[in-house]
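Report on one structure; see the data block that follows.
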Amino acid sequence: MSETHASDKHRSEHPSPSGLVDAAAPEPSVSTAALPVEVIRSAKRKKTAEARMSNGTLVIRIPGRCTKAEEDELVAHFVDKFERSARRAAIDLEPRARELAARYDLQTPRSIEWVSNQRQRWGSCTPDHGTVRLSDRLAEFPQWVIDYVIVHELAHLDELHHNDRFWSIVARYELAERARGFLIAKAGDQDCSA
């Protein structure tokens with residue numbers, strides 16, 4: 001990565017974009033609302049943009065030829081990405097999955113992790129490997145909703161299909177119906193497969 005020199009860069013300050021986190025969701029345990037942003041335009045940078053944290057400031061490097069609209073879009077993208085990462089880091093999934101598995105008499109997964117590539121599902125399970133993956137979109141939701149998705153995915157370790165046996169396992173979680181309704185509302189459809 002080449003260094004950007006003072007002669008070929010332009011710095012601008014951006015407030016954290018509002019509206020990236022659903023107002024109905026509780027505040028994450030890691031505060032990201034006042035994430036300071038510094039944008040550095042570089043004549044040397046032709047196509048790519050990058051962001052990193054530096055001394056508590058999100059520093060975003062963009063090509064010098066970007067329009068203001070492109071800059072705003074990149075800032076919103078990187079702020080969202082870093083805020084999601086902070087919310088994920090605040091929730092330790094492995095102990096939570098162990099606790100829920102013990103409480104609801106479910107198998108404990110071999111691994112459970114956040115992923116950022118699930119756009120159509122809230123979570124997924126690979127029973128053969130004992131692995132569970134949760135969409136990082138869940139990190140901004142209330143803990144009882146995240147717990148539901150964990151229980152839903154852990155139930156797949158005992159029953160692969162969404163049949164009566166599966167739903168009776170999921171129903172051990174007292175807030176299952178409420179959480180399912182919450183997720184249906186967020187997804188905007190009637191089939192809310194975790």
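So you can find residues: chains in the structure tokens are A, B, ... in the order shown, residues in each start at 1, and ligands are numbered from 1 in order.
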For Gly130 of chain A, work out the shell of residues within 10 Å, counting only C-alpha atoms and skipping chain neighbours fewer than 6 positions away, then give it as a PyMOL selection string. chain A and resi 107-112+154+156-157
Give me, as a ChimeraX atom specification, all polymer residues having an atom no more than 10 Å from segment 159-170 of chain A, counting only C-alpha atoms and skipping those fewer than 5 positions away in the same chain. /A:104-106,125-127,148-154,175-177,193
| message | Considering only C-alpha atoms, can you say which of A:Ile184, A:Ser42, A:Asp147, A:Asp158 comes closest to Arg98 of chain A? | response |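 Among the listed residues, the smallest separation from Arg98 of chain A belongs to A:Asp147.
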- DSSP-assigned strand (DSSP E) among segment 30-99 of chain A, expressed as a VMD selection string: chain A and resid 37 to 42 50 to 54 57 to 63
Expected file contents, prior selection, N, CA and C atoms, as an mmCIF file, in the first residue's frame:
```cif
data_model
loop_
_atom_site.group_PDB
_atom_site.id
_atom_site.type_symbol
_atom_site.label_atom_id
_atom_site.label_comp_id
_atom_site.auth_asym_id
_atom_site.auth_seq_id
_atom_site.Cartn_x
_atom_site.Cartn_y
_atom_site.Cartn_z
ATOM 1 N N VAL A 37 -15.309 9.911 11.776
ATOM 2 C CA VAL A 37 -14.878 9.462 10.452
ATOM 3 C C VAL A 37 -13.986 10.532 9.834
ATOM 4 N N GLU A 38 -12.891 10.075 9.234
ATOM 5 C CA GLU A 38 -12.016 10.967 8.481
ATOM 6 C C GLU A 38 -11.873 10.379 7.085
ATOM 7 N N VAL A 39 -12.146 11.167 6.066
ATOM 8 C CA VAL A 39 -12.023 10.721 4.683
ATOM 9 C C VAL A 39 -10.769 11.352 4.093
ATOM 10 N N ILE A 40 -9.945 10.520 3.475
ATOM 11 C CA ILE A 40 -8.730 11.000 2.812
ATOM 12 C C ILE A 40 -8.857 10.667 1.330
ATOM 13 N N ARG A 41 -8.853 11.721 0.509
ATOM 14 C CA ARG A 41 -8.893 11.555 -0.943
ATOM 15 C C ARG A 41 -7.455 11.506 -1.445
ATOM 16 N N SER A 42 -7.187 10.560 -2.328
ATOM 17 C CA SER A 42 -5.831 10.413 -2.843
ATOM 18 C C SER A 42 -5.844 10.368 -4.364
ATOM 19 N N GLU A 50 -10.604 1.951 1.036
ATOM 20 C CA GLU A 50 -10.318 1.109 2.192
ATOM 21 C C GLU A 50 -10.598 1.897 3.457
ATOM 22 N N ALA A 51 -10.808 1.163 4.540
ATOM 23 C CA ALA A 51 -11.065 1.816 5.823
ATOM 24 C C ALA A 51 -10.367 1.035 6.919
ATOM 25 N N ARG A 52 -9.949 1.754 7.939
ATOM 26 C CA ARG A 52 -9.366 1.128 9.126
ATOM 27 C C ARG A 52 -9.546 2.066 10.298
ATOM 28 N N MET A 53 -9.506 1.483 11.479
ATOM 29 C CA MET A 53 -9.586 2.293 12.693
ATOM 30 C C MET A 53 -8.190 2.781 13.035
ATOM 31 N N SER A 54 -8.093 4.043 13.398
ATOM 32 C CA SER A 54 -6.821 4.617 13.824
ATOM 33 C C SER A 54 -7.097 5.576 14.975
ATOM 34 N N THR A 57 -10.685 6.657 15.399
ATOM 35 C CA THR A 57 -11.308 7.301 14.243
ATOM 36 C C THR A 57 -11.319 6.322 13.078
ATOM 37 N N LEU A 58 -12.433 6.248 12.375
ATOM 38 C CA LEU A 58 -12.518 5.439 11.173
ATOM 39 C C LEU A 58 -11.924 6.260 10.030
ATOM 40 N N VAL A 59 -10.769 5.837 9.535
ATOM 41 C CA VAL A 59 -10.077 6.540 8.458
ATOM 42 C C VAL A 59 -10.403 5.816 7.159
ATOM 43 N N ILE A 60 -11.031 6.542 6.227
ATOM 44 C CA ILE A 60 -11.456 5.976 4.948
ATOM 45 C C ILE A 60 -10.655 6.647 3.846
ATOM 46 N N ARG A 61 -9.968 5.837 3.060
ATOM 47 C CA ARG A 61 -9.173 6.344 1.942
ATOM 48 C C ARG A 61 -9.918 6.032 0.651
ATOM 49 N N ILE A 62 -10.141 7.089 -0.154
ATOM 50 C CA ILE A 62 -10.908 6.937 -1.398
ATOM 51 C C ILE A 62 -10.145 7.583 -2.553
ATOM 52 N N PRO A 63 -10.482 7.187 -3.797
ATOM 53 C CA PRO A 63 -9.856 7.859 -4.947
ATOM 54 C C PRO A 63 -10.220 9.342 -4.980
#
```
query: What residues in segment 97-185 of chain A get the DSSP label alpha helix (DSSP H)? Please answer as a ChimeraX atom specification.
result: /A:97-103,143-155,164-170,176-185
Can you spit out the residues from that selection as an mmCIF file, in the first residue's frame, using N, CA and C atoms?
```cif
data_model
loop_
_atom_site.group_PDB
_atom_site.id
_atom_site.type_symbol
_atom_site.label_atom_id
_atom_site.label_comp_id
_atom_site.auth_asym_id
_atom_site.auth_seq_id
_atom_site.Cartn_x
_atom_site.Cartn_y
_atom_site.Cartn_z
ATOM 1 N N ALA A 97 -24.306 -20.134 23.185
ATOM 2 C CA ALA A 97 -24.822 -21.380 22.611
ATOM 3 C C ALA A 97 -24.721 -22.525 23.623
ATOM 4 N N ARG A 98 -23.630 -22.587 24.370
ATOM 5 C CA ARG A 98 -23.486 -23.639 25.397
ATOM 6 C C ARG A 98 -24.567 -23.501 26.458
ATOM 7 N N GLU A 99 -24.814 -22.261 26.888
ATOM 8 C CA GLU A 99 -25.835 -22.019 27.916
ATOM 9 C C GLU A 99 -27.230 -22.403 27.412
ATOM 10 N N LEU A 100 -27.568 -21.993 26.203
ATOM 11 C CA LEU A 100 -28.886 -22.322 25.653
ATOM 12 C C LEU A 100 -29.029 -23.825 25.395
ATOM 13 N N ALA A 101 -27.963 -24.467 24.939
ATOM 14 C CA ALA A 101 -28.006 -25.917 24.714
ATOM 15 C C ALA A 101 -28.265 -26.652 26.031
ATOM 16 N N ALA A 102 -27.610 -26.228 27.096
ATOM 17 C CA ALA A 102 -27.815 -26.865 28.404
ATOM 18 C C ALA A 102 -29.231 -26.602 28.917
ATOM 19 N N ARG A 103 -29.689 -25.365 28.795
ATOM 20 C CA ARG A 103 -31.005 -24.991 29.308
ATOM 21 C C ARG A 103 -32.144 -25.713 28.591
ATOM 22 N N GLN A 143 -31.436 -9.448 22.392
ATOM 23 C CA GLN A 143 -30.800 -10.724 22.715
ATOM 24 C C GLN A 143 -31.778 -11.894 22.639
ATOM 25 N N TRP A 144 -33.046 -11.695 23.039
ATOM 26 C CA TRP A 144 -34.005 -12.798 23.010
ATOM 27 C C TRP A 144 -34.301 -13.270 21.591
ATOM 28 N N VAL A 145 -34.126 -12.396 20.592
ATOM 29 C CA VAL A 145 -34.297 -12.794 19.190
ATOM 30 C C VAL A 145 -33.070 -13.591 18.738
ATOM 31 N N ILE A 146 -31.895 -13.129 19.094
ATOM 32 C CA ILE A 146 -30.666 -13.864 18.771
ATOM 33 C C ILE A 146 -30.712 -15.247 19.418
ATOM 34 N N ASP A 147 -31.167 -15.304 20.672
ATOM 35 C CA ASP A 147 -31.284 -16.591 21.363
ATOM 36 C C ASP A 147 -32.217 -17.536 20.613
ATOM 37 N N TYR A 148 -33.324 -17.009 20.096
ATOM 38 C CA TYR A 148 -34.253 -17.839 19.323
ATOM 39 C C TYR A 148 -33.550 -18.448 18.112
ATOM 40 N N VAL A 149 -32.804 -17.635 17.370
ATOM 41 C CA VAL A 149 -32.138 -18.147 16.170
ATOM 42 C C VAL A 149 -31.092 -19.188 16.565
ATOM 43 N N ILE A 150 -30.396 -18.964 17.661
ATOM 44 C CA ILE A 150 -29.430 -19.969 18.134
ATOM 45 C C ILE A 150 -30.161 -21.276 18.454
ATOM 46 N N VAL A 151 -31.258 -21.195 19.217
ATOM 47 C CA VAL A 151 -32.030 -22.393 19.560
ATOM 48 C C VAL A 151 -32.540 -23.066 18.279
ATOM 49 N N HIS A 152 -33.048 -22.291 17.346
ATOM 50 C CA HIS A 152 -33.548 -22.822 16.070
ATOM 51 C C HIS A 152 -32.439 -23.615 15.366
ATOM 52 N N GLU A 153 -31.261 -23.032 15.283
ATOM 53 C CA GLU A 153 -30.160 -23.714 14.590
ATOM 54 C C GLU A 153 -29.667 -24.923 15.390
ATOM 55 N N LEU A 154 -29.627 -24.825 16.711
ATOM 56 C CA LEU A 154 -29.220 -25.977 17.527
ATOM 57 C C LEU A 154 -30.216 -27.123 17.377
ATOM 58 N N ALA A 155 -31.491 -26.797 17.195
ATOM 59 C CA ALA A 155 -32.506 -27.840 16.996
ATOM 60 C C ALA A 155 -32.202 -28.656 15.743
ATOM 61 N N ASP A 164 -42.793 -31.514 12.532
ATOM 62 C CA ASP A 164 -43.405 -31.344 13.849
ATOM 63 C C ASP A 164 -42.410 -31.577 14.982
ATOM 64 N N ARG A 165 -41.566 -32.582 14.831
ATOM 65 C CA ARG A 165 -40.565 -32.856 15.877
ATOM 66 C C ARG A 165 -39.629 -31.656 16.040
ATOM 67 N N PHE A 166 -39.177 -31.096 14.912
ATOM 68 C CA PHE A 166 -38.286 -29.931 14.942
ATOM 69 C C PHE A 166 -38.952 -28.768 15.682
ATOM 70 N N TRP A 167 -40.200 -28.449 15.307
ATOM 71 C CA TRP A 167 -40.873 -27.294 15.907
ATOM 72 C C TRP A 167 -41.165 -27.522 17.392
ATOM 73 N N SER A 168 -41.354 -28.772 17.801
ATOM 74 C CA SER A 168 -41.556 -29.029 19.238
ATOM 75 C C SER A 168 -40.253 -28.802 20.005
ATOM 76 N N ILE A 169 -39.121 -29.083 19.378
ATOM 77 C CA ILE A 169 -37.818 -28.798 20.007
ATOM 78 C C ILE A 169 -37.632 -27.287 20.135
ATOM 79 N N VAL A 170 -37.906 -26.552 19.057
ATOM 80 C CA VAL A 170 -37.756 -25.090 19.068
ATOM 81 C C VAL A 170 -38.690 -24.461 20.099
ATOM 82 N N ALA A 176 -40.133 -18.274 21.557
ATOM 83 C CA ALA A 176 -39.974 -18.690 20.157
ATOM 84 C C ALA A 176 -40.999 -18.015 19.243
ATOM 85 N N GLU A 177 -42.254 -18.053 19.620
ATOM 86 C CA GLU A 177 -43.295 -17.490 18.749
ATOM 87 C C GLU A 177 -43.130 -15.977 18.596
ATOM 88 N N ARG A 178 -42.829 -15.308 19.686
ATOM 89 C CA ARG A 178 -42.630 -13.856 19.648
ATOM 90 C C ARG A 178 -41.419 -13.498 18.779
ATOM 91 N N ALA A 179 -40.319 -14.237 18.958
ATOM 92 C CA ALA A 179 -39.105 -13.965 18.180
ATOM 93 C C ALA A 179 -39.336 -14.249 16.700
ATOM 94 N N ARG A 180 -40.065 -15.305 16.419
ATOM 95 C CA ARG A 180 -40.376 -15.635 15.021
ATOM 96 C C ARG A 180 -41.180 -14.496 14.383
ATOM 97 N N GLY A 181 -42.153 -13.953 15.109
ATOM 98 C CA GLY A 181 -42.915 -12.814 14.608
ATOM 99 C C GLY A 181 -42.039 -11.599 14.369
ATOM 100 N N PHE A 182 -41.116 -11.349 15.283
ATOM 101 C CA PHE A 182 -40.173 -10.233 15.138
ATOM 102 C C PHE A 182 -39.377 -10.386 13.845
ATOM 103 N N LEU A 183 -38.860 -11.595 13.601
ATOM 104 C CA LEU A 183 -38.049 -11.838 12.416
ATOM 105 C C LEU A 183 -38.877 -11.767 11.125
ATOM 106 N N ILE A 184 -40.101 -12.237 11.188
ATOM 107 C CA ILE A 184 -40.979 -12.134 10.023
ATOM 108 C C ILE A 184 -41.209 -10.662 9.679
ATOM 109 N N ALA A 185 -41.449 -9.852 10.696
ATOM 110 C CA ALA A 185 -41.645 -8.419 10.463
ATOM 111 C C ALA A 185 -40.394 -7.777 9.872
#
```
| field | Nearest to Trp114 of chain A by atom-to-atom distance, counting only C-alpha atoms, from A:Glu73, A:Arg45, A:Leu134, A:Arg84 | value |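 Among the listed residues, the smallest separation from Trp114 of chain A belongs to A:Leu134.
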Expressed in Å, the length from atom CA of Gly123 of chain A to atom CA of Leu138 of chain A is 9.0 Å
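With atom CA of Arg119 of chain A on one side and atom CA of His77 of chain A on the other, the separation reads 15.7 Å.
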